[in-house]
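Everything below belongs to query-v8.txt, which stores compact mmCIF, C-alpha atoms and all ligand atoms.
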```txt
# COMPACT_ATOMS: atom_id res chain seq x y z
CA MET A 491 -7.75 -29.84 -13.90
CA LEU A 492 -4.21 -30.28 -15.20
CA ILE A 493 -1.97 -27.54 -16.58
CA ALA A 494 1.30 -28.37 -18.38
CA VAL A 495 4.01 -25.70 -18.27
CA ILE A 496 6.30 -26.27 -21.25
CA SER A 497 9.07 -24.57 -23.24
CA ASN A 498 11.46 -25.44 -26.03
CA ARG A 499 14.59 -25.11 -23.91
CA ASN A 500 15.90 -24.75 -20.38
CA LYS A 501 16.00 -21.53 -18.36
CA THR A 502 12.67 -20.17 -19.47
CA GLY A 503 11.09 -20.01 -16.03
CA LYS A 504 9.07 -23.25 -15.98
CA THR A 505 10.11 -24.33 -12.50
CA THR A 506 9.77 -20.79 -11.17
CA VAL A 507 6.29 -20.42 -12.64
CA VAL A 508 5.05 -23.77 -11.33
CA SER A 509 6.36 -22.91 -7.87
CA CYS A 510 4.95 -19.36 -7.85
CA LEU A 511 1.63 -20.32 -9.45
CA GLY A 512 1.23 -23.17 -6.96
CA HIS A 513 1.75 -20.73 -4.10
CA ALA A 514 -0.64 -18.19 -5.62
CA LEU A 515 -3.32 -20.87 -6.00
CA ALA A 516 -2.83 -22.17 -2.48
CA ASN A 517 -3.02 -18.66 -1.05
CA ARG A 518 -6.30 -17.78 -2.79
CA LYS A 519 -8.90 -17.47 -0.10
CA LEU A 520 -12.66 -17.26 -0.18
CA PRO A 521 -14.76 -15.29 -1.05
CA ASN A 522 -12.99 -15.66 -4.38
CA LYS A 523 -12.31 -19.37 -4.42
CA THR A 524 -9.98 -21.89 -2.84
CA TYR A 525 -7.77 -24.15 -4.86
CA GLU A 526 -5.78 -27.21 -3.95
CA PRO A 527 -2.68 -27.30 -6.14
CA LEU A 528 -0.61 -30.43 -6.72
CA ALA A 529 2.63 -30.24 -8.70
CA TYR A 530 4.21 -32.90 -10.88
CA ASP A 531 7.95 -32.54 -11.37
CA GLY A 532 8.31 -33.75 -14.93
CA ASP A 533 11.87 -32.57 -15.40
CA PHE A 534 14.82 -34.93 -15.12
CA SER A 535 16.69 -32.35 -13.01
CA SER A 536 14.05 -32.79 -10.24
CA GLN A 537 14.63 -29.17 -9.34
CA LEU A 538 11.08 -28.49 -8.20
CA ARG A 539 11.15 -31.55 -5.98
CA LYS A 540 14.49 -30.38 -4.53
CA TRP A 541 12.94 -27.00 -3.73
CA PHE A 542 9.98 -28.74 -2.11
CA LYS A 543 12.21 -30.97 0.01
CA ALA A 544 14.41 -28.05 1.07
CA ALA A 545 11.29 -26.09 2.01
CA LYS A 546 10.06 -28.95 4.16
CA THR A 547 13.36 -29.11 6.09
CA ASP A 548 13.89 -25.35 6.48
CA GLU A 549 11.48 -23.59 8.75
CA ASP A 550 11.77 -20.41 6.68
CA PHE A 551 9.97 -22.23 3.89
CA SER A 552 7.73 -24.54 5.88
CA GLU A 553 4.75 -23.01 4.13
CA PHE A 554 5.47 -24.76 0.81
CA PRO A 555 1.76 -25.43 0.69
CA PHE A 556 1.36 -28.20 -1.87
CA ASP A 557 2.80 -31.56 -2.73
CA VAL A 558 5.37 -32.11 -5.48
CA ARG A 559 5.40 -35.59 -7.08
CA LEU A 560 8.25 -36.92 -9.16
CA ALA A 561 6.83 -37.55 -12.63
CA ALA A 562 9.70 -37.56 -15.12
CA THR A 563 8.73 -40.78 -16.83
CA THR A 564 7.18 -41.53 -20.19
CA GLN A 565 4.57 -43.53 -18.27
CA PHE A 566 2.93 -40.28 -17.28
CA GLU A 567 -0.48 -42.00 -17.23
CA ASP A 568 0.75 -44.26 -14.43
CA ILE A 569 1.77 -41.25 -12.35
CA LEU A 570 -1.68 -39.71 -12.82
CA GLU A 571 -3.30 -42.97 -11.78
CA GLU A 572 -1.18 -43.19 -8.64
CA HIS A 573 -1.74 -39.53 -7.78
CA PRO A 574 -5.16 -38.51 -9.00
CA HIS A 575 -5.81 -34.78 -9.01
CA GLU A 576 -9.62 -34.68 -9.18
CA GLY A 577 -10.78 -31.52 -7.50
CA LYS A 578 -7.23 -30.20 -7.50
CA VAL A 579 -5.21 -28.08 -9.87
CA GLY A 580 -2.35 -30.22 -11.15
CA LEU A 581 0.66 -28.30 -12.48
CA VAL A 582 3.34 -30.09 -14.51
CA ASP A 583 6.88 -28.72 -14.68
CA THR A 584 7.51 -30.41 -18.02
CA ALA A 585 10.90 -31.49 -19.41
CA HIS A 586 11.65 -29.21 -22.32
CA LEU A 587 10.61 -29.94 -25.89
CA GLU A 588 14.00 -29.87 -27.60
CA ASP A 589 15.34 -32.71 -25.42
CA SER A 590 12.16 -34.51 -24.43
CA ARG A 591 9.51 -33.90 -27.04
CA GLY A 592 7.93 -37.33 -26.59
CA TYR A 593 7.55 -36.75 -22.87
CA ALA A 594 6.03 -33.29 -23.34
CA GLU A 595 3.58 -34.74 -25.87
CA ALA A 596 2.60 -37.46 -23.39
CA VAL A 597 1.90 -34.83 -20.74
CA MET A 598 -0.10 -32.69 -23.17
CA GLU A 599 -2.26 -35.65 -24.10
CA HIS A 600 -3.62 -35.53 -20.56
CA ALA A 601 -3.53 -31.85 -19.62
CA ASP A 602 -6.49 -29.48 -19.98
CA ALA A 603 -4.30 -26.50 -20.76
CA VAL A 604 -0.70 -25.81 -21.70
CA ILE A 605 1.30 -22.70 -20.83
CA LEU A 606 4.19 -22.29 -23.25
CA MET A 607 6.95 -20.16 -21.74
CA THR A 608 9.08 -18.12 -24.10
CA GLU A 609 11.12 -14.97 -24.07
CA PRO A 610 9.33 -12.39 -26.21
CA ASN A 611 11.41 -12.29 -29.35
CA LEU A 612 11.19 -13.69 -32.85
CA ASN A 613 14.37 -15.78 -32.49
CA GLU A 614 12.67 -17.86 -29.82
CA LEU A 615 9.56 -18.25 -31.98
CA GLU A 616 11.80 -19.44 -34.83
CA ARG A 617 13.35 -22.04 -32.54
CA LEU A 618 9.86 -23.22 -31.61
CA GLU A 619 8.83 -23.42 -35.26
CA ALA A 620 11.98 -25.42 -36.04
CA LEU A 621 11.03 -28.07 -33.45
CA PRO A 622 8.55 -28.13 -35.16
CA LEU A 623 5.98 -27.14 -32.57
CA ALA A 624 3.09 -27.41 -35.02
CA ASP A 625 3.88 -31.10 -35.60
CA ALA A 626 4.01 -31.81 -31.88
CA MET A 627 0.64 -30.12 -31.36
CA ALA A 628 -0.92 -31.94 -34.33
CA LYS A 629 0.15 -35.23 -32.79
CA VAL A 630 -1.27 -34.21 -29.41
CA ASP A 631 -4.55 -33.17 -31.07
CA ALA A 632 -4.81 -36.47 -32.97
CA ASN A 633 -4.15 -38.60 -29.90
CA ARG A 634 -6.62 -36.59 -27.83
CA ALA A 635 -9.30 -36.90 -30.51
CA ALA A 636 -8.70 -40.67 -30.67
CA ALA A 637 -9.17 -40.82 -26.88
CA GLY A 638 -12.33 -38.67 -27.08
CA ARG A 639 -10.78 -35.67 -25.33
CA PRO A 640 -11.31 -32.05 -26.40
CA PRO A 641 -8.34 -30.09 -27.78
CA ILE A 642 -5.91 -28.70 -25.20
CA ARG A 643 -6.18 -24.97 -24.38
CA ARG A 644 -3.00 -23.33 -25.69
CA LEU A 645 -1.59 -20.38 -23.79
CA VAL A 646 1.69 -18.51 -24.25
CA MET A 647 3.34 -16.61 -21.41
CA PHE A 648 6.27 -14.28 -21.94
CA PHE A 649 9.25 -14.75 -19.63
CA ARG A 650 11.86 -12.26 -18.48
CA VAL A 651 10.02 -9.27 -19.83
CA PRO A 652 11.94 -6.07 -19.07
CA THR A 653 9.75 -3.72 -17.07
CA SER A 654 10.30 -0.69 -19.29
CA ALA A 655 12.75 -1.07 -22.18
CA ASN A 656 11.99 -3.32 -25.16
CA ALA A 657 8.24 -3.26 -24.67
CA GLN A 658 8.26 -3.28 -28.47
CA ASP A 659 9.52 -6.90 -28.39
CA VAL A 660 6.39 -7.99 -26.54
CA LYS A 661 4.17 -6.22 -29.07
CA THR A 662 6.02 -7.65 -32.08
CA THR A 663 6.06 -11.18 -30.68
CA ARG A 664 2.38 -11.04 -29.71
CA GLU A 665 1.44 -9.75 -33.16
CA TYR A 666 3.44 -12.50 -34.85
CA ILE A 667 1.61 -15.19 -32.88
CA THR A 668 -1.83 -13.70 -33.51
CA ASP A 669 -1.22 -12.79 -37.19
CA ALA A 670 -3.54 -14.85 -39.40
CA ALA A 671 -0.62 -15.26 -41.84
CA ASN A 672 1.15 -17.40 -39.19
CA ALA A 673 -1.90 -19.47 -38.29
CA GLU A 674 -0.36 -22.67 -39.59
CA GLU A 675 2.20 -22.50 -36.79
CA TRP A 676 0.39 -20.42 -34.20
CA GLY A 677 -3.34 -20.87 -34.80
CA GLY A 678 -5.13 -21.58 -31.53
CA TRP A 679 -2.38 -20.15 -29.30
CA HIS A 680 -3.55 -17.36 -27.00
CA VAL A 681 -1.01 -14.91 -25.59
CA LEU A 682 -1.57 -14.25 -21.89
CA THR A 683 -1.67 -10.67 -20.66
CA THR A 684 0.12 -11.83 -17.52
CA LYS A 685 3.88 -11.90 -18.00
CA MET A 686 6.85 -13.03 -15.93
CA THR A 687 8.56 -9.68 -15.76
CA GLU A 688 12.26 -9.32 -15.07
CA ASN A 689 12.49 -9.57 -11.30
CA ARG A 690 15.71 -9.31 -9.31
CA LYS A 691 14.22 -11.34 -6.45
CA LEU A 692 13.72 -14.30 -8.80
CA ALA A 693 16.99 -14.01 -10.73
CA ARG A 694 19.78 -16.57 -10.21
CA LEU A 695 17.72 -18.87 -8.04
CA SER A 696 19.51 -21.67 -6.25
CA GLU A 697 19.20 -25.18 -7.69
CA THR A 698 18.50 -26.54 -4.25
CA ASN A 699 16.67 -23.77 -2.37
CA PRO A 700 13.27 -22.44 -3.33
CA PRO A 701 12.69 -18.76 -3.94
CA SER A 702 11.65 -16.88 -0.81
CA LEU A 703 7.94 -16.49 -0.13
CA ASP A 704 8.40 -12.76 -0.62
CA ALA A 705 9.99 -13.33 -4.04
CA MET A 706 7.17 -15.67 -5.06
CA LYS A 707 4.58 -13.12 -3.96
CA SER A 708 6.27 -10.55 -6.20
CA SER A 709 6.11 -12.84 -9.25
CA GLY A 710 2.70 -11.66 -10.48
CA MET A 711 1.30 -15.19 -10.55
CA ASP A 712 -1.72 -14.16 -8.46
CA GLN A 713 -2.68 -12.13 -11.52
CA LEU A 714 -2.26 -15.27 -13.62
CA VAL A 715 -4.80 -17.08 -11.42
CA THR A 716 -7.28 -14.27 -12.10
CA GLU A 717 -6.57 -14.36 -15.82
CA LEU A 718 -7.01 -18.16 -15.94
CA GLU A 719 -10.33 -17.72 -14.12
CA ASN A 720 -11.44 -15.06 -16.59
CA LEU A 721 -10.49 -17.31 -19.51
CA GLY A 722 -12.53 -20.14 -18.01
CA VAL A 723 -9.44 -22.34 -17.71
CA LEU A 724 -9.79 -22.42 -13.92
CA VAL A 725 -13.38 -23.03 -12.91
N1 LIG B 1 11.04 -13.14 -13.20
C1 LIG B 1 12.35 -13.44 -13.32
N2 LIG B 1 13.27 -12.48 -13.55
C2 LIG B 1 14.57 -12.79 -13.69
N3 LIG B 1 15.07 -14.04 -13.61
C3 LIG B 1 14.21 -15.03 -13.36
C4 LIG B 1 12.81 -14.80 -13.21
N4 LIG B 1 12.19 -15.98 -12.98
C5 LIG B 1 13.16 -16.91 -12.99
N5 LIG B 1 14.38 -16.36 -13.22
C6 LIG B 1 15.69 -17.04 -13.34
O1 LIG B 1 15.72 -17.70 -14.59
C7 LIG B 1 16.43 -18.92 -14.48
C8 LIG B 1 15.61 -20.04 -15.08
O2 LIG B 1 14.43 -20.25 -14.34
P1 LIG B 1 13.83 -21.71 -14.14
O3 LIG B 1 12.49 -21.54 -13.51
O4 LIG B 1 14.81 -22.60 -13.45
O5 LIG B 1 13.67 -22.16 -15.67
P2 LIG B 1 13.43 -23.63 -16.27
O6 LIG B 1 12.71 -24.43 -15.24
O7 LIG B 1 12.63 -23.39 -17.51
O8 LIG B 1 14.80 -24.17 -16.59
C9 LIG B 1 16.77 -19.11 -13.01
O9 LIG B 1 18.12 -18.78 -12.82
C10 LIG B 1 15.90 -18.12 -12.29
O10 LIG B 1 16.56 -17.60 -11.16
MG MG B 2 13.29 -26.26 -14.46
```

Hey, can you dump this file as structure tokens for me?
Amino acid sequence: MLIAVISNRNKTGKTTVVSCLGHALANRKLPNKTYEPLAYDGDFSSQLRKWFKAAKTDEDFSEFPFDVRLAATTQFEDILEEHPHEGKVGLVDTAHLEDSRGYAEAVMEHADAVILMTEPNLNELERLEALPLADAMAKVDANRAAAGRPPIRRLVMFFRVPTSANAQDVKTTREYITDAANAEEWGGWHVLTTKMTENRKLARLSETNPPSLDAMKSSGMDQLVTELENLGVLV
């Protein structure tokens, strides 16, 4: 199982989500299910890998409970061959689409599901359409079909959602994505109920130090694990 976390630009919570989701997966205990996460740092900043290394050298974070492999190369297939993730849940912190579209497409050719991070507003959707996102996904679909793979599951998660104010933005953005009139751009994308809500504990994270375990627990990503199970993405 491989999940690509993508976005059109920086600062949309990709690294935070991969880190928090990895922890949530690793902390799932029977009788529900146990998972073995493995993260691929597919961003040229190597921020996730820096967090991982800091965690390993700081006893406060010694529980960073999964491996983080450097994977920011267009030869993404080679990385997968070197570090197979059979039986594990691979999570890719993917370099963003506006700078590294080819790389993101290469990752999506191999992933089972993609989580597209975006702030919930129509300006961000316009930026995604201008990429254009639909072209990137058509290319991914074509290459997957040629390789005999099923289409990638397409999920959208809203980032930095204010807890109370502006709930209307979430509704408007969700409706835009699911509106049949916008199917050419957004057909096949499913908006997750789980959101990354605005969270002071996760704001202004250090480039070199991972978020605290307490902050990661408060991220709501345990709920994402449940939602991915319910959607049949995690089996
Ligand atoms: N739930 C949240 N609430 C508020 N700020 C957040 C939240 N999650 C992450 N952030 C902040 O948003 C910024 C971007 O997050 P990051 O995960 O580094 O994004 P990306 O990897 O897409 O560049 C960081 O400064 C981080 O501290
Ligand atoms: Mg990042």

Determine, for each residue of region 524-641 of chain A having at least one atom at most 10 Å from an atom of region 678-693 of chain A, the closest pair of atoms and their separation in Å to one decimal, counting only C-alpha atoms; order by chain and ascending number, as JSON lines.
```
{"residue": "A:Val604", "atom": "CA", "partner": "A:Trp679", "partner_atom": "CA", "distance": 9.6}
{"residue": "A:Ile605", "atom": "CA", "partner": "A:Leu682", "partner_atom": "CA", "distance": 9.0}
{"residue": "A:Leu606", "atom": "CA", "partner": "A:Trp679", "partner_atom": "CA", "distance": 9.2}
{"residue": "A:Met607", "atom": "CA", "partner": "A:Met686", "partner_atom": "CA", "distance": 9.2}
{"residue": "A:Thr608", "atom": "CA", "partner": "A:Met686", "partner_atom": "CA", "distance": 9.9}
{"residue": "A:Glu609", "atom": "CA", "partner": "A:Met686", "partner_atom": "CA", "distance": 9.4}
{"residue": "A:Pro610", "atom": "CA", "partner": "A:Lys685", "partner_atom": "CA", "distance": 9.9}
{"residue": "A:Pro641", "atom": "CA", "partner": "A:Gly678", "partner_atom": "CA", "distance": 9.8}
```

Each residue of region 573-642 of chain A with at least one atom at most 9 Å from region 504-512 of chain A should appear once, together with its nearest atom pair and the corresponding distance in Å (one decimal); atoms considered: all atoms listed in the file; ordering: chain, then increasing residue number; output as JSON lines.
```
{"residue": "A:Val579", "atom": "CA", "partner": "A:Gly512", "partner_atom": "CA", "distance": 8.6}
{"residue": "A:Gly580", "atom": "CA", "partner": "A:Gly512", "partner_atom": "CA", "distance": 8.9}
{"residue": "A:Leu581", "atom": "CA", "partner": "A:Val508", "partner_atom": "CA", "distance": 6.4}
{"residue": "A:Val582", "atom": "CA", "partner": "A:Val508", "partner_atom": "CA", "distance": 7.3}
{"residue": "A:Asp583", "atom": "CA", "partner": "A:Thr505", "partner_atom": "CA", "distance": 5.9}
{"residue": "A:Thr584", "atom": "CA", "partner": "A:Lys504", "partner_atom": "CA", "distance": 7.6}
{"residue": "A:Leu606", "atom": "CA", "partner": "A:Lys504", "partner_atom": "CA", "distance": 8.8}
{"residue": "A:Met607", "atom": "CA", "partner": "A:Lys504", "partner_atom": "CA", "distance": 6.9}
```

Quiz item: Neighbours of Thr663 (chain A) within 9 Å (only C-alpha atoms; same-chain residues fewer than 6 positions away dropped), as a list in words?
Solution: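 After dropping sequence-adjacent residues, the list is Pro610, Asn611, Leu612 and Leu615 of chain A.
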
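Take the candidates A:Ala514, A:Leu538, A:Val630, A:Leu570 and check each one against Pro555 (chain A) using only C-alpha atoms; the shortest distance goes to A:Ala514.
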
Residues of chain A that have any atom at most 12 Å from an atom of ligand MG 2 (chain B): could you tabulate them with the shortest-distance atom pair and the distance in Å to one decimal, using all atoms listed in the file, ordered by chain and increasing number, as JSON lines?
```
{"residue": "A:Val495", "atom": "CA", "partner": "B:MG2", "partner_atom": "MG", "distance": 10.0}
{"residue": "A:Ile496", "atom": "CA", "partner": "B:MG2", "partner_atom": "MG", "distance": 9.7}
{"residue": "A:Ser497", "atom": "CA", "partner": "B:MG2", "partner_atom": "MG", "distance": 9.9}
{"residue": "A:Asn498", "atom": "CA", "partner": "B:MG2", "partner_atom": "MG", "distance": 11.7}
{"residue": "A:Arg499", "atom": "CA", "partner": "B:MG2", "partner_atom": "MG", "distance": 9.6}
{"residue": "A:Asn500", "atom": "CA", "partner": "B:MG2", "partner_atom": "MG", "distance": 6.6}
{"residue": "A:Lys501", "atom": "CA", "partner": "B:MG2", "partner_atom": "MG", "distance": 6.7}
{"residue": "A:Thr502", "atom": "CA", "partner": "B:MG2", "partner_atom": "MG", "distance": 7.9}
{"residue": "A:Gly503", "atom": "CA", "partner": "B:MG2", "partner_atom": "MG", "distance": 6.8}
{"residue": "A:Lys504", "atom": "CA", "partner": "B:MG2", "partner_atom": "MG", "distance": 5.4}
{"residue": "A:Thr505", "atom": "CA", "partner": "B:MG2", "partner_atom": "MG", "distance": 4.2}
{"residue": "A:Thr506", "atom": "CA", "partner": "B:MG2", "partner_atom": "MG", "distance": 7.3}
{"residue": "A:Val507", "atom": "CA", "partner": "B:MG2", "partner_atom": "MG", "distance": 9.3}
{"residue": "A:Val508", "atom": "CA", "partner": "B:MG2", "partner_atom": "MG", "distance": 9.2}
{"residue": "A:Ser509", "atom": "CA", "partner": "B:MG2", "partner_atom": "MG", "distance": 10.1}
{"residue": "A:Tyr530", "atom": "CA", "partner": "B:MG2", "partner_atom": "MG", "distance": 11.8}
{"residue": "A:Asp531", "atom": "CA", "partner": "B:MG2", "partner_atom": "MG", "distance": 8.8}
{"residue": "A:Gly532", "atom": "CA", "partner": "B:MG2", "partner_atom": "MG", "distance": 9.0}
{"residue": "A:Asp533", "atom": "CA", "partner": "B:MG2", "partner_atom": "MG", "distance": 6.5}
{"residue": "A:Phe534", "atom": "CA", "partner": "B:MG2", "partner_atom": "MG", "distance": 8.8}
{"residue": "A:Ser535", "atom": "CA", "partner": "B:MG2", "partner_atom": "MG", "distance": 7.1}
{"residue": "A:Ser536", "atom": "CA", "partner": "B:MG2", "partner_atom": "MG", "distance": 7.8}
{"residue": "A:Gln537", "atom": "CA", "partner": "B:MG2", "partner_atom": "MG", "distance": 6.0}
{"residue": "A:Leu538", "atom": "CA", "partner": "B:MG2", "partner_atom": "MG", "distance": 7.0}
{"residue": "A:Arg539", "atom": "CA", "partner": "B:MG2", "partner_atom": "MG", "distance": 10.2}
{"residue": "A:Lys540", "atom": "CA", "partner": "B:MG2", "partner_atom": "MG", "distance": 10.8}
{"residue": "A:Trp541", "atom": "CA", "partner": "B:MG2", "partner_atom": "MG", "distance": 10.8}
{"residue": "A:Ala562", "atom": "CA", "partner": "B:MG2", "partner_atom": "MG", "distance": 11.9}
{"residue": "A:Val582", "atom": "CA", "partner": "B:MG2", "partner_atom": "MG", "distance": 10.7}
{"residue": "A:Asp583", "atom": "CA", "partner": "B:MG2", "partner_atom": "MG", "distance": 6.9}
{"residue": "A:Thr584", "atom": "CA", "partner": "B:MG2", "partner_atom": "MG", "distance": 8.0}
{"residue": "A:Ala585", "atom": "CA", "partner": "B:MG2", "partner_atom": "MG", "distance": 7.6}
{"residue": "A:His586", "atom": "CA", "partner": "B:MG2", "partner_atom": "MG", "distance": 8.6}
{"residue": "A:Met607", "atom": "CA", "partner": "B:MG2", "partner_atom": "MG", "distance": 11.4}
{"residue": "A:Leu695", "atom": "CA", "partner": "B:MG2", "partner_atom": "MG", "distance": 10.7}
{"residue": "A:Ser696", "atom": "CA", "partner": "B:MG2", "partner_atom": "MG", "distance": 11.3}
{"residue": "A:Glu697", "atom": "CA", "partner": "B:MG2", "partner_atom": "MG", "distance": 9.1}
{"residue": "A:Thr698", "atom": "CA", "partner": "B:MG2", "partner_atom": "MG", "distance": 11.5}
{"residue": "A:Pro700", "atom": "CA", "partner": "B:MG2", "partner_atom": "MG", "distance": 11.8}
```

**OP:** Give the answer as one residue: which of A:Thr524, A:Asn699, A:Asn613, A:Asn517 has the shortest atom-to-atom distance to ligand LIG 1 (chain B), using all atoms listed in the file?
**Re:**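 Checking each of A:Thr524, A:Asn699, A:Asn613, A:Asn517 against ligand LIG 1 (chain B), counting all atoms listed in the file, the winner is A:Asn699.
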
**Prompt:** Of the residues A:Ala494, A:Leu724, A:Ile667, A:Ile642, which is the one nearest to Glu526 (chain A), using all atoms listed in the file?
**Reply:**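 Going through A:Ala494, A:Leu724, A:Ile667, A:Ile642 one by one, the smallest distance to Glu526 (chain A) is for A:Leu724.
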
Between CA of Lys543 (chain A) and CA of Val715 (chain A) lies a distance of 24.8 Å

One decimal, in Å: what's the spacing between atom C7 of ligand LIG 1 (chain B) and CA of Phe648 (chain A)?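 Between atom C7 of ligand LIG 1 (chain B) and CA of Phe648 (chain A) the gap is 13.4 Å.
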